[in-house]
$ cat upload08.tsv   # TSV, C-alpha atoms
chain	number	residue	atom	x	y	z
A	195	MET	CA	115.80	90.03	104.03
A	196	GLN	CA	113.48	87.72	105.93
A	197	THR	CA	113.07	84.01	105.36
A	198	HIS	CA	109.65	82.33	105.78
A	199	GLU	CA	109.17	78.63	105.11
A	200	ASN	CA	112.00	78.35	102.52
A	201	THR	CA	110.93	81.59	100.80
A	202	THR	CA	113.10	84.70	100.87
A	203	ILE	CA	111.09	87.87	101.37
A	204	ALA	CA	112.52	91.27	100.54
A	205	THR	CA	112.49	93.85	103.31
A	206	PRO	CA	111.62	97.14	101.64
A	207	PRO	CA	113.48	100.39	102.05
A	208	PRO	CA	111.39	102.73	104.24
A	209	SER	CA	110.34	104.87	101.28
A	210	SER	CA	108.92	102.04	99.15
A	211	PHE	CA	105.52	101.72	100.86
A	212	SER	CA	104.12	102.64	104.24
A	213	MET	CA	100.90	102.54	106.23
A	214	THR	CA	99.35	104.95	108.69
A	215	ASP	CA	98.59	104.16	112.32
A	216	SER	CA	94.90	104.18	111.34
A	217	ALA	CA	95.44	101.53	108.63
A	218	ALA	CA	97.45	99.34	111.01
A	219	ALA	CA	94.76	99.62	113.70
A	220	ARG	CA	92.01	98.67	111.24
A	221	ILE	CA	93.98	95.68	109.91
A	222	ASN	CA	94.56	94.46	113.46
A	223	ARG	CA	90.86	94.86	114.22
A	224	LEU	CA	89.89	92.91	111.08
A	225	LYS	CA	92.24	90.08	112.06
A	226	GLN	CA	90.74	89.98	115.55
A	227	GLU	CA	87.12	90.05	114.29
A	228	ASP	CA	87.89	87.33	111.74
A	229	GLY	CA	89.70	85.14	114.28
A	230	ARG	CA	92.87	84.98	112.17
A	231	ALA	CA	95.59	86.45	114.37
A	232	ASN	CA	98.37	85.44	111.95
A	233	ALA	CA	96.72	86.84	108.83
A	234	ARG	CA	98.36	89.52	106.73
A	235	PHE	CA	96.67	92.20	104.65
A	236	ARG	CA	97.47	91.70	100.96
A	237	VAL	CA	97.51	94.74	98.67
A	238	SER	CA	97.69	94.16	94.93
A	239	VAL	CA	97.17	96.08	91.72
A	240	LYS	CA	95.15	94.55	88.92
A	241	GLY	CA	94.35	95.75	85.43
A	242	GLY	CA	90.83	97.10	85.01
A	243	GLY	CA	88.65	99.71	86.59
A	244	CYS	CA	87.59	102.90	84.90
A	245	SER	CA	91.10	104.42	84.99
A	246	GLY	CA	93.25	101.43	83.97
A	247	PHE	CA	94.35	99.85	87.27
A	248	GLN	CA	92.54	99.07	90.48
A	249	TYR	CA	93.61	98.24	94.02
A	250	GLU	CA	92.60	94.94	95.59
A	251	TYR	CA	92.70	94.16	99.30
A	252	ALA	CA	92.39	90.81	101.07
A	253	LEU	CA	93.04	89.32	104.48
A	254	ASP	CA	95.43	86.49	103.66
A	255	ASN	CA	96.68	83.46	105.61
A	256	ALA	CA	98.83	82.19	102.74
A	257	ALA	CA	102.59	82.10	103.15
A	258	PRO	CA	104.37	84.92	101.31
A	259	SER	CA	105.58	84.07	97.82
A	260	GLU	CA	109.01	84.60	96.33
A	261	GLY	CA	109.35	88.31	95.58
A	262	ASP	CA	106.66	89.44	98.03
A	263	THR	CA	107.45	92.39	100.23
A	264	ILE	CA	106.16	92.56	103.81
A	265	ILE	CA	105.62	95.90	105.50
A	266	ALA	CA	104.98	95.78	109.26
A	267	HIS	CA	103.63	98.58	111.45
A	268	HIS	CA	102.15	98.35	114.96
A	269	GLY	CA	101.61	94.58	114.65
A	270	ALA	CA	99.89	94.76	111.26
A	271	GLU	CA	101.59	93.25	108.21
A	272	VAL	CA	100.92	94.13	104.59
A	273	ILE	CA	102.10	91.87	101.75
A	274	ILE	CA	102.66	93.30	98.28
A	275	ASP	CA	103.83	91.32	95.25
A	276	ASP	CA	106.78	92.74	93.30
A	277	VAL	CA	104.75	93.71	90.22
A	278	SER	CA	102.19	95.64	92.28
A	279	LEU	CA	104.93	97.29	94.34
A	280	GLY	CA	106.44	98.65	91.12
A	281	VAL	CA	103.20	100.55	90.45
A	282	ILE	CA	102.56	101.76	94.01
A	283	LYS	CA	106.14	102.38	95.16
A	284	GLY	CA	106.29	105.42	97.44
A	285	SER	CA	102.60	105.11	98.35
A	286	MET	CA	100.90	105.06	101.74
A	287	LEU	CA	98.01	102.84	102.86
A	288	ASP	CA	95.48	104.73	104.99
A	289	TYR	CA	92.13	103.93	106.57
A	290	ALA	CA	89.61	106.73	106.88
A	291	GLU	CA	86.12	106.96	108.35
A	292	ASP	CA	83.65	109.79	108.05
A	293	LEU	CA	79.88	110.14	108.16
A	294	ALA	CA	79.47	109.07	104.53
A	295	SER	CA	81.98	106.23	104.15
A	296	ALA	CA	84.79	104.16	105.60
A	297	GLY	CA	87.55	102.26	103.90
A	298	PHE	CA	91.15	101.76	102.95
A	299	GLU	CA	92.76	104.10	100.46
A	300	ILE	CA	96.18	104.27	98.91
A	301	LYS	CA	97.77	107.66	98.55
A	302	ASN	CA	99.78	107.00	95.40
A	303	PRO	CA	102.15	109.73	94.17
A	304	ASN	CA	102.58	107.77	90.91
A	305	ALA	CA	98.89	108.05	89.95
A	306	THR	CA	98.32	110.47	87.09
A	307	ALA	CA	94.53	110.13	87.21
A	308	SER	CA	91.93	108.42	89.37
A	309	CYS	CA	88.21	107.87	89.35
A	310	GLY	CA	85.70	109.20	91.86
A	311	CYS	CA	85.67	106.02	93.93
A	312	GLY	CA	89.43	106.27	94.58
A	313	ASN	CA	89.95	102.57	93.85
A	314	SER	CA	90.84	102.94	90.18
A	315	PHE	CA	93.84	104.87	88.86
A	316	SER	CA	96.26	105.26	85.99
A	317	VAL	CA	100.02	105.80	85.92
A	318	LYS	CA	102.44	106.97	83.31
A	319	LEU	CA	104.70	104.03	82.49
$ encode --input "upload08.tsv" --output "C-alpha cells"
Amino acid sequence: MQTHENTTIATPPPSSFSMTDSAAARINRLKQEDGRANARFRVSVKGGGCSGFQYEYALDNAAPSEGDTIIAHHGAEVIIDDVSLGVIKGSMLDYAEDLASAGFEIKNPNATASCGCGNSFSVKL
C-alpha cells in the first residue's frame, strides 16, 4: 500500500496489470514533451465502442483517488481505477510503431472479442 495526500492507493500484485518497456518509454516521452514531469498515464475502461467496452488513455496530473492502483515501470506510472482494473486484470499495456500506425494497445486475455481498431472489446462477465 502507498499513501498519497491522505489517499490510500493499492499496490497491485505483479500479475494484475503490467506495461512493456516500450509503453514506459513512450509515456516518459509524452510527459517530457508535455512539460509535466509528475504526470501519470491513466488507463480506464468505458462502456461503448463497437464491441461493448473501450479503452481510454489520458496524461493525468490529478492525485490518485481512493481505490486507484498505480503501476510503475522504468519511471512511468499508470493509474487504473478499481472498476477498470476488474475488466483488464492480467493485461499488458504496450506501445507499438510500424509504417502504418503508432499507438498504445492493451493485450487483454479477458477479451472475448474485439473490433478492428483494437480499442473496443467485449468480455464475458
$ atom_distance --input "upload08.tsv" --atom1 "CA of Ser278 (chain A)" --atom2 "CA of Tyr249 (chain A)"
9.1 Å
$ residues_around --input "upload08.tsv" --residues "region 300-303 of chain A" --least-positions-apart "3" --cutoff "7 Å" --atoms "all atoms listed in the file" --output "PyMOL selection string"
chain A and resi 282+284-288
$ residues_around --input "upload08.tsv" --residues "Ala266 (chain A)" --least-positions-apart "6" --cutoff "9 Å" --atoms "only C-alpha atoms" --output "list in words"
Ser212, Met213, Ala218, Val272 and Ile273 of chain A
$ atom_distance --input "upload08.tsv" --atom1 "CA of Ser238 (chain A)" --atom2 "CA of Ile264 (chain A)"
12.4 Å
$ closest_residue --input "upload08.tsv" --among "A:Glu260, A:Asp292, A:Glu271, A:Asp276" --to "Val239 (chain A)" --atoms "all atoms listed in the file"
A:Asp276
$ atom_distance --input "upload08.tsv" --atom1 "CA of Tyr289 (chain A)" --atom2 "CA of Val237 (chain A)"
13.3 Å
$ axis_aligned_box --input "upload08.tsv" --around "region 240-259 of chain A" --padding-each-side "6 Å" --output "lines of an AutoDock Vina configuration file"
center_x = 96.6
center_y = 93.3
center_z = 94.8
size_x = 30.0
size_y = 34.3
size_z = 33.6
$ closest_residue --input "upload08.tsv" --among "A:Thr263, A:Ala296, A:Ile274, A:Ala305" --to "Tyr251 (chain A)" --atoms "all atoms listed in the file"
A:Ile274
$ closest_residue --input "upload08.tsv" --among "A:Gly261, A:Gly269, A:Gly246, A:Gly280" --to "Gln226 (chain A)" --atoms "only C-alpha atoms"
A:Gly269
$ residues_around --input "upload08.tsv" --residues "region 228-231 of chain A" --least-positions-apart "5" --cutoff "10 Å" --atoms "all atoms listed in the file" --output "NGL selection string"
:A and (222-223 or 253-255 or 270)
$ write_last_selection --input "upload08.tsv" --atoms "C-alpha atoms" --output "PDB file, in the frame of the given file"
ATOM      1  CA  ASN A 222      94.560  94.460 113.460  1.00  0.00           C
ATOM      2  CA  ARG A 223      90.860  94.860 114.220  1.00  0.00           C
ATOM      3  CA  LEU A 253      93.040  89.320 104.480  1.00  0.00           C
ATOM      4  CA  ASP A 254      95.430  86.490 103.660  1.00  0.00           C
ATOM      5  CA  ASN A 255      96.680  83.460 105.610  1.00  0.00           C
ATOM      6  CA  ALA A 270      99.890  94.760 111.260  1.00  0.00           C
TER       7      ALA A 270
END
$ closest_residue --input "upload08.tsv" --among "A:Ala294, A:Val281, A:Ile221, A:His267" --to "Phe247 (chain A)" --atoms "all atoms listed in the file"
A:Val281
$ closest_residue --input "upload08.tsv" --among "A:Asn304, A:Glu291, A:Arg220, A:Phe298" --to "His268 (chain A)" --atoms "only C-alpha atoms"
A:Arg220
$ decode --input "upload08.tsv" --residues "region 252-273 of chain A" --atoms "N, CA, C and O atoms" --output "short mmCIF file (atom, residue, chain, number, x, y, z; two decimals), in the first residue's frame"
data_model
loop_
_atom_site.label_atom_id
_atom_site.label_comp_id
_atom_site.auth_asym_id
_atom_site.auth_seq_id
_atom_site.Cartn_x
_atom_site.Cartn_y
_atom_site.Cartn_z
N ALA A 252 -5.21 8.84 -20.89
CA ALA A 252 -5.02 10.28 -20.66
C ALA A 252 -3.77 10.50 -19.81
O ALA A 252 -3.48 9.71 -18.91
N LEU A 253 -3.06 11.57 -20.11
CA LEU A 253 -1.98 12.02 -19.25
C LEU A 253 -2.62 12.84 -18.15
O LEU A 253 -3.37 13.77 -18.43
N ASP A 254 -2.37 12.48 -16.88
CA ASP A 254 -3.16 12.99 -15.78
C ASP A 254 -2.27 13.54 -14.67
O ASP A 254 -1.37 12.85 -14.19
N ASN A 255 -2.53 14.77 -14.24
CA ASN A 255 -1.82 15.37 -13.11
C ASN A 255 -2.60 15.25 -11.81
O ASN A 255 -2.10 15.62 -10.76
N ALA A 256 -3.82 14.75 -11.88
CA ALA A 256 -4.67 14.66 -10.69
C ALA A 256 -4.11 13.64 -9.70
O ALA A 256 -3.51 12.64 -10.09
N ALA A 257 -4.32 13.91 -8.43
CA ALA A 257 -3.92 12.96 -7.40
C ALA A 257 -4.74 11.69 -7.56
O ALA A 257 -5.91 11.74 -7.93
N PRO A 258 -4.15 10.54 -7.27
CA PRO A 258 -4.91 9.29 -7.35
C PRO A 258 -6.10 9.31 -6.40
O PRO A 258 -6.05 9.93 -5.34
N SER A 259 -7.15 8.65 -6.78
CA SER A 259 -8.36 8.56 -5.97
C SER A 259 -8.33 7.29 -5.12
O SER A 259 -7.56 6.36 -5.40
N GLU A 260 -9.19 7.24 -4.13
CA GLU A 260 -9.34 6.04 -3.32
C GLU A 260 -9.67 4.87 -4.24
O GLU A 260 -10.53 4.98 -5.11
N GLY A 261 -8.97 3.78 -4.10
CA GLY A 261 -9.22 2.61 -4.92
C GLY A 261 -8.41 2.55 -6.20
O GLY A 261 -8.44 1.54 -6.88
N ASP A 262 -7.71 3.63 -6.56
CA ASP A 262 -6.86 3.59 -7.75
C ASP A 262 -5.65 2.70 -7.50
O ASP A 262 -5.17 2.59 -6.36
N THR A 263 -5.20 2.07 -8.54
CA THR A 263 -3.98 1.27 -8.50
C THR A 263 -2.93 1.96 -9.34
O THR A 263 -3.24 2.44 -10.44
N ILE A 264 -1.71 2.02 -8.85
CA ILE A 264 -0.61 2.63 -9.59
C ILE A 264 0.40 1.55 -9.95
O ILE A 264 0.85 0.80 -9.08
N ILE A 265 0.72 1.45 -11.22
CA ILE A 265 1.72 0.52 -11.71
C ILE A 265 2.89 1.36 -12.20
O ILE A 265 2.71 2.26 -13.04
N ALA A 266 4.09 1.09 -11.69
CA ALA A 266 5.28 1.85 -12.09
C ALA A 266 6.26 0.93 -12.80
O ALA A 266 6.43 -0.23 -12.42
N HIS A 267 6.89 1.48 -13.85
CA HIS A 267 7.89 0.72 -14.62
C HIS A 267 8.81 1.71 -15.30
O HIS A 267 8.34 2.56 -16.06
N HIS A 268 10.09 1.64 -15.05
CA HIS A 268 11.10 2.50 -15.67
C HIS A 268 10.75 3.98 -15.58
O HIS A 268 10.92 4.74 -16.55
N GLY A 269 10.22 4.42 -14.45
CA GLY A 269 9.91 5.83 -14.24
C GLY A 269 8.54 6.26 -14.73
O GLY A 269 8.12 7.38 -14.48
N ALA A 270 7.84 5.40 -15.43
CA ALA A 270 6.48 5.72 -15.91
C ALA A 270 5.48 5.14 -14.91
O ALA A 270 5.69 4.04 -14.39
N GLU A 271 4.41 5.87 -14.65
CA GLU A 271 3.36 5.39 -13.76
C GLU A 271 2.02 5.37 -14.49
O GLU A 271 1.67 6.33 -15.16
N VAL A 272 1.31 4.27 -14.32
CA VAL A 272 -0.02 4.12 -14.89
C VAL A 272 -0.99 4.03 -13.72
O VAL A 272 -0.75 3.31 -12.75
N ILE A 273 -2.09 4.77 -13.81
CA ILE A 273 -3.16 4.73 -12.81
C ILE A 273 -4.36 4.03 -13.44
O ILE A 273 -4.75 4.35 -14.57
#
